[in-house]
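Student: So I've got this file, work37.cif, and it contains mmCIF, C-alpha atoms and all ligand atoms:
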```cif
data_coords
#
loop_
_atom_site.label_atom_id
_atom_site.label_comp_id
_atom_site.auth_asym_id
_atom_site.auth_seq_id
_atom_site.Cartn_x
_atom_site.Cartn_y
_atom_site.Cartn_z
CA MET P 50 -9.55 -0.01 -24.74
CA PHE P 51 -13.07 1.18 -23.90
CA THR P 52 -14.77 -1.87 -25.34
CA LYS P 53 -12.38 -4.13 -23.49
CA LEU P 54 -13.06 -2.44 -20.18
CA ILE P 55 -16.82 -2.51 -20.66
CA ALA P 56 -16.62 -6.21 -21.48
CA ARG P 57 -14.84 -6.65 -18.17
CA GLY P 58 -17.60 -4.94 -16.21
CA PHE P 59 -16.55 -1.30 -16.02
CA SER P 60 -18.84 1.63 -16.68
CA ILE P 61 -17.66 4.69 -18.48
CA ILE P 62 -18.97 7.97 -17.20
CA ARG P 63 -18.49 11.54 -18.20
CA HIS P 64 -16.86 13.78 -15.65
CA ASP P 65 -17.77 17.45 -15.55
CA GLY P 66 -14.51 18.88 -14.31
CA ASN P 67 -11.30 19.32 -16.22
CA ASN P 68 -9.17 17.23 -13.90
CA CYS P 69 -9.65 13.61 -13.03
CA ARG P 70 -6.11 12.55 -12.35
CA HIS P 71 -5.64 9.38 -10.29
CA SER P 72 -9.23 9.40 -9.16
CA ILE P 73 -12.22 7.17 -9.33
CA TYR P 74 -15.41 9.13 -9.04
CA PRO P 75 -18.81 7.74 -8.11
CA CYS P 76 -20.67 6.64 -11.18
CA SER P 77 -23.34 9.20 -11.97
CA LYS P 78 -24.13 8.65 -15.62
CA THR P 79 -23.33 5.66 -17.76
CA ILE P 80 -22.67 6.33 -21.41
CA PRO P 81 -23.26 3.05 -23.25
CA THR P 82 -22.97 4.60 -26.67
CA GLY P 83 -20.14 6.53 -28.24
CA VAL P 84 -17.60 4.24 -26.71
CA GLY P 85 -14.31 4.53 -28.52
CA ASP P 86 -15.56 7.69 -30.17
CA ASN P 87 -12.65 10.05 -30.68
CA SER P 88 -14.67 12.99 -29.43
CA LEU P 89 -14.88 11.25 -26.05
CA LEU P 90 -11.12 10.83 -26.01
CA SER P 91 -10.72 14.57 -26.10
CA ARG P 92 -12.72 14.93 -22.90
CA PRO P 93 -11.89 13.95 -19.33
CA LEU P 94 -13.36 10.51 -18.68
CA VAL P 95 -13.63 8.43 -15.57
CA PHE P 96 -13.94 4.69 -15.21
CA SER P 97 -16.10 3.64 -12.34
CA PRO P 98 -15.27 0.39 -10.53
CA ASN P 99 -17.82 -2.32 -10.91
CA HIS P 100 -17.89 -5.88 -9.56
CA SER P 101 -14.86 -5.12 -7.40
CA LYS P 102 -12.74 -4.29 -10.39
CA ARG P 103 -10.79 -1.07 -10.65
CA ALA P 104 -9.41 0.93 -13.49
CA TYR P 105 -7.16 3.89 -13.13
CA LEU P 106 -6.78 6.56 -15.71
CA ILE P 107 -4.60 9.54 -15.92
CA CYS P 108 -6.63 11.76 -18.13
CA SER P 109 -6.66 15.34 -19.12
CA LEU P 110 -7.53 17.19 -22.26
CA GLU P 111 -4.06 16.44 -23.57
CA HIS P 112 -3.38 12.97 -22.23
CA LEU P 113 -5.38 9.82 -21.62
CA SER P 114 -3.94 6.46 -20.74
CA LEU P 115 -4.87 3.32 -18.84
CA ARG P 116 -2.56 2.79 -15.87
CA SER P 117 -3.53 -0.53 -14.36
CA ASP P 118 -6.55 -2.61 -13.56
CA SER P 119 -5.14 -4.26 -10.48
CA MET P 120 -4.55 -2.71 -7.09
CA ARG P 121 -0.93 -1.58 -6.71
CA VAL P 122 0.49 -2.15 -3.26
CA LEU P 123 3.94 -0.98 -2.20
CA ILE P 124 5.41 -2.48 0.96
CA ALA P 125 8.30 -0.33 2.18
CA TYR P 126 10.32 -1.81 5.03
CA ASP P 127 13.52 -1.53 6.98
CA SER P 128 15.26 -4.58 8.37
CA VAL P 129 18.49 -4.46 10.32
CA SER P 130 19.43 -7.72 12.04
CA PRO P 131 21.26 -10.41 10.05
CA ASN P 132 18.15 -12.60 10.09
CA LYS P 133 16.09 -9.88 8.33
CA ASN P 134 12.87 -10.60 10.20
CA THR P 135 10.96 -7.51 9.09
CA GLU P 136 11.91 -8.24 5.50
CA LYS P 137 10.51 -11.77 5.91
CA VAL P 138 7.23 -10.34 7.17
CA ALA P 139 7.11 -7.87 4.26
CA GLU P 140 7.70 -10.66 1.76
CA ALA P 141 5.06 -12.90 3.33
CA ILE P 142 2.52 -10.08 3.01
CA ARG P 143 3.60 -9.39 -0.57
CA ASP P 144 3.32 -13.04 -1.59
CA VAL P 145 -0.25 -13.36 -0.28
CA LEU P 146 -1.34 -10.13 -1.99
CA LYS P 147 0.13 -11.38 -5.26
CA THR P 148 -1.87 -14.59 -5.00
CA LYS P 149 -4.95 -12.33 -4.71
CA GLY P 150 -4.13 -10.76 -8.08
CA MET P 151 -2.64 -7.57 -6.72
CA ASP P 152 0.37 -5.81 -8.13
CA ALA P 153 2.30 -6.03 -4.85
CA GLN P 154 5.95 -5.18 -4.38
CA SER P 155 8.12 -5.14 -1.29
CA SER P 156 11.09 -2.84 -1.21
CA TYR P 157 13.85 -2.07 1.26
CA VAL P 158 13.10 1.50 2.23
CA LYS P 159 16.40 2.82 0.86
CA ASN P 160 15.49 1.44 -2.57
CA VAL P 161 12.07 3.08 -2.76
CA VAL P 162 12.11 5.59 -5.59
CA PRO P 163 10.14 8.72 -4.68
CA SER P 164 7.08 8.85 -6.93
CA ASN P 165 4.72 11.20 -5.14
CA GLY P 166 2.30 8.32 -4.83
CA LYS P 167 2.03 7.68 -8.56
CA ASP P 168 3.09 4.05 -8.33
CA TYR P 169 0.84 2.74 -5.57
CA ASP P 170 -2.76 2.74 -4.46
CA CYS P 171 -1.89 1.39 -1.05
CA LEU P 172 1.32 1.93 0.92
CA ILE P 173 2.25 -0.50 3.69
CA VAL P 174 5.18 0.50 5.89
CA GLY P 175 7.02 -1.91 8.19
CA SER P 176 9.87 -1.40 10.64
CA PRO P 177 11.74 -3.18 13.39
CA THR P 178 11.02 -1.47 16.72
CA HIS P 179 14.19 0.33 17.79
CA ALA P 180 14.21 2.30 21.03
CA TRP P 181 10.39 2.06 21.20
CA ARG P 182 9.79 3.46 17.72
CA ALA P 183 10.47 3.01 13.99
CA THR P 184 14.05 3.09 12.73
CA GLY P 185 15.61 6.33 11.52
CA LEU P 186 15.41 5.17 7.91
CA ILE P 187 11.67 4.59 8.17
CA ARG P 188 11.10 7.90 9.94
CA ASP P 189 13.13 9.71 7.26
CA PHE P 190 11.12 7.93 4.56
CA LEU P 191 7.81 8.93 6.15
CA ASN P 192 9.02 12.50 6.56
CA SER P 193 9.90 12.59 2.88
CA LEU P 194 6.32 11.79 1.82
CA THR P 195 4.16 14.67 0.73
CA PRO P 196 0.41 15.02 1.29
CA GLN P 197 0.11 14.61 -2.50
CA SER P 198 1.63 11.13 -2.21
CA ALA P 199 -1.10 10.27 0.31
CA SER P 200 -4.08 11.83 -1.38
CA GLY P 201 -6.72 9.19 -2.12
CA LYS P 202 -4.34 6.43 -1.00
CA GLN P 203 -4.79 3.69 1.54
CA GLY P 204 -2.21 2.72 4.11
CA ALA P 205 -1.25 0.22 6.78
CA ALA P 206 1.68 -0.48 9.10
CA PHE P 207 3.48 -3.35 10.76
CA ASP P 208 6.42 -3.83 13.05
CA THR P 209 8.61 -6.49 14.56
CA ARG P 210 9.46 -6.31 18.24
CA ILE P 211 10.14 -8.25 21.40
CA LYS P 212 7.16 -9.48 23.40
CA GLY P 213 6.82 -7.46 26.58
CA ARG P 214 4.98 -4.56 28.13
CA LEU P 215 7.90 -2.16 27.81
CA ALA P 216 8.81 -3.05 24.24
CA GLY P 217 7.32 0.06 22.62
CA SER P 218 5.88 0.09 19.13
CA ALA P 219 7.10 1.17 15.71
CA LYS P 220 3.76 0.61 14.04
CA GLU P 221 1.86 3.17 16.10
CA GLY P 222 4.18 5.99 15.09
CA ILE P 223 4.02 4.83 11.47
CA GLU P 224 0.23 4.74 11.51
CA ASN P 225 0.02 8.20 13.08
CA LYS P 226 2.34 9.64 10.47
CA LEU P 227 0.46 7.96 7.61
CA LYS P 228 -2.82 9.34 8.96
CA GLN P 229 -1.31 12.79 9.38
CA LEU P 230 -0.22 12.73 5.75
CA GLY P 231 -3.73 11.84 4.62
CA PHE P 232 -3.58 8.08 4.04
CA LYS P 233 -6.71 6.16 4.91
CA ILE P 234 -5.62 3.47 7.39
CA ILE P 235 -7.38 0.34 6.22
CA LEU P 236 -6.90 -1.87 9.27
CA PRO P 237 -5.04 -1.95 12.59
CA GLY P 238 -1.35 -2.63 12.15
CA LEU P 239 0.37 -5.96 12.56
CA VAL P 240 2.85 -6.81 15.30
CA ALA P 241 5.18 -9.72 14.59
CA TYR P 242 7.11 -10.84 17.66
CA VAL P 243 10.77 -11.81 17.62
CA LYS P 244 12.92 -13.63 20.16
CA GLY P 245 16.60 -14.34 20.71
CA GLU P 246 17.75 -17.77 19.63
CA LYS P 247 21.33 -18.99 19.37
CA SER P 248 22.67 -15.43 19.34
CA GLN P 249 20.26 -14.47 16.55
CA VAL P 250 16.97 -12.60 16.51
CA VAL P 251 14.29 -14.78 14.92
CA LEU P 252 10.53 -14.55 14.43
CA MET P 253 8.54 -16.44 17.04
CA GLU P 254 6.55 -19.47 15.92
CA GLY P 255 3.34 -18.56 14.13
CA GLU P 256 4.31 -14.97 13.39
CA LEU P 257 4.75 -15.47 9.64
CA GLU P 258 1.37 -17.14 9.53
CA LYS P 259 -0.04 -14.12 11.37
CA ALA P 260 1.51 -11.90 8.68
CA ARG P 261 -0.17 -13.98 5.98
CA GLN P 262 -3.54 -13.59 7.72
CA PHE P 263 -2.93 -9.84 7.96
CA ALA P 264 -2.37 -9.82 4.19
CA GLU P 265 -5.57 -11.82 3.65
CA GLN P 266 -7.47 -9.12 5.56
CA ILE P 267 -5.80 -6.39 3.51
CA ALA P 268 -6.82 -8.16 0.32
CA VAL P 269 -10.44 -8.30 1.49
CA VAL P 270 -10.47 -4.57 2.28
CA LEU P 271 -8.77 -3.57 -0.97
CA HIS P 272 -10.96 -5.65 -3.26
C1 LIG P 301 19.33 -0.78 18.61
C2 LIG P 301 18.13 -1.67 18.86
C3 LIG P 301 17.08 -1.20 19.62
C4 LIG P 301 15.98 -2.03 19.87
N1 LIG P 301 14.94 -1.56 20.59
C5 LIG P 301 13.83 -2.32 20.76
C6 LIG P 301 12.70 -1.81 21.48
O1 LIG P 301 12.67 -0.68 21.95
N2 LIG P 301 11.62 -2.62 21.62
C7 LIG P 301 11.60 -3.90 21.10
O2 LIG P 301 10.59 -4.57 21.26
N3 LIG P 301 12.66 -4.39 20.43
C8 LIG P 301 13.77 -3.64 20.25
N4 LIG P 301 14.83 -4.14 19.55
C9 LIG P 301 14.72 -5.49 18.95
C10 LIG P 301 14.25 -5.33 17.51
O3 LIG P 301 12.91 -4.97 17.49
C11 LIG P 301 14.49 -6.60 16.72
O4 LIG P 301 15.88 -6.75 16.62
C12 LIG P 301 13.86 -6.49 15.35
O5 LIG P 301 12.50 -6.65 15.46
C13 LIG P 301 14.41 -7.50 14.40
O6 LIG P 301 13.96 -7.17 13.11
P1 LIG P 301 14.96 -7.19 11.87
O7 LIG P 301 15.52 -8.58 11.81
O8 LIG P 301 14.11 -6.87 10.70
O9 LIG P 301 16.01 -6.15 12.09
C14 LIG P 301 15.95 -3.35 19.33
C15 LIG P 301 17.03 -3.80 18.55
C16 LIG P 301 18.11 -2.98 18.33
C17 LIG P 301 19.24 -3.50 17.48
#
```
Is it possible to express this structure as structure tokens?
Tutor:
Amino acid sequence: MFTKLIARGFSIIRHDGNNCRHSIYPCSKTIPTGVGDNSLLSRPLVFSPNHSKRAYLICSLEHLSLRSDSMRVLIAYDSVSPNKNTEKVAEAIRDVLKTKGMDAQSSYVKNVVPSNGKDYDCLIVGSPTHAWRATGLIRDFLNSLTPQSASGKQGAAFDTRIKGRLAGSAKEGIENKLKQLGFKIILPGLVAYVKGEKSQVVLMEGELEKARQFAEQIAVVLH
């Protein structure tokens, strides 16, 4: 495992403390020798990202395992109308992130399994704007998150809404809550506008493309 990571451009450094769970620490000392040495396995080790690559380890004196070398992004969304506009935006973002090599998943908020942040590096939350704010399901989801699930994590928000000065905004409340929890907001949230058409609510022209560009920006920040 060590040799493979080094070949891929990672440095292995020794970490002084006893805990290095879920963290990447700044590289202070490279240890080019002793790689794969069992004595090193019994100590907390940290992989430092190099050349935009990332490795995550859960390591302790008892347990050491490689989690993933690609950025894990969870997109949690609610979507209510039959046309599922917010879901479409979530999926457009997910698809672009996947093309950038990220481990991106979109999930209807009710299907998100609570993990205390163990299964994502970046959490993106999207909601239709209902009564000037996020839906009850999204607010309940955000309220269920613990500061531990936000620690060291990045976050972003998006919403769908009608174009107009009095429309309100779901994304602002989501961003504020994410910040309050301790997420680092990586870029200003996305607004995707909807309109009524033949008794349905549909995304306005160009809004899916805007969502894809938003995802492109996320990918740049996360790399
Ligand atoms: C109960 C309800 C309240 C709404 N309130 C707002 C609002 O305050 N501002 C707004 O821009 N749109 C509002 N809308 C329109 C929704 O934002 C729009 O239906 C939604 O973006 C569609 O996304 P979805 O297809 O994912 O449900 C409301 C819609 C419903 C059903």
Student: So which residues are near ligand LIG 301 (chain P), meaning at most 7 Å away with only C-alpha atoms and all ligand atoms counted, given back as a ChimeraX atom specification?
Tutor: /P:127-136,176-182,209-212,216-218,243,250
Student: What does the structure give for the distance between CA of Val138 (chain P) and CA of Lys220 (chain P), in Å to one decimal?
Tutor: 13.4 Å
Student: Quick one, how far is CA of Val145 (chain P) from CA of Val174 (chain P)?
Tutor: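 Going from CA of Val145 (chain P) over to CA of Val174 (chain P), I get 16.1 Å.
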Student: Can you tell me which residues surround Phe207 (chain P) at a distance of at most 6 Å, considering all atoms listed in the file, apart from same-chain residues fewer than 2 positions away, and format the answer as a PyMOL selection string?
Tutor: chain P and resi 175+220+238-240
Student: Just how far from CA of Asp189 (chain P) is CA of Pro237 (chain P), in Å to one decimal?
Tutor: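 These atoms are spaced 22.2 Å apart.
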Student: Looking at all atoms listed in the file, which of P:Leu215, P:Ala260, P:Ala183, P:Leu230 is the one that sits closest to Asp144 (chain P)?
Tutor: P:Ala260
Student: Of the candidates P:Gln197, P:Asn192, P:Gln266, P:Ser155, which shows the shortest atom-to-atom distance to Gly222 (chain P), using only C-alpha atoms?
Tutor: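 Among the listed residues, the smallest separation from Gly222 (chain P) belongs to P:Asn192.
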Student: Adding 8 Å on each side of the box along x, y and z that holds all listed atoms of region 198-216 of chain P, could you give its centre and edge lengths in Å to one decimal, as JSON?
Tutor:
```
{"center_x": 1.7, "center_y": 1.2, "center_z": 13.0, "size_x": 32.9, "size_y": 37.3, "size_z": 46.3}
```
Student: Need the shell around Gly166 (chain P): protein/DNA/RNA residues with any atom at most 8 Å away, counting only C-alpha atoms. Skip same-chain ones fewer than 3 positions apart. Format as a CSV table (one decimal) with C-alpha atoms, keeping the file's coordinate frame?
Tutor:
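The resulting file, around_15.csv, is shown below:
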```csv
chain,number,residue,atom,x,y,z
P,163,PRO,CA,10.1,8.7,-4.7
P,169,TYR,CA,0.8,2.7,-5.6
P,170,ASP,CA,-2.8,2.7,-4.5
P,197,GLN,CA,0.1,14.6,-2.5
P,198,SER,CA,1.6,11.1,-2.2
P,199,ALA,CA,-1.1,10.3,0.3
P,202,LYS,CA,-4.3,6.4,-1.0
```
Student: Check the smallest atom-to-atom distance from each of P:Arg214, P:Arg188, P:Arg143, P:Lys233 to Ala268 (chain P) using all atoms listed in the file, then report the winner.
Tutor: P:Arg143
Student: Restricting the calculation to only C-alpha atoms: of P:Lys247, P:Ala241, P:Ser156, P:Phe232, which residue gets closest to Lys259 (chain P)?
Tutor: P:Ala241
Student: Tell me which of P:Cys171, P:Val161, P:Ala206, P:Leu186 sits closest to Ala219 (chain P), counting all atoms listed in the file.
Tutor: P:Ala206
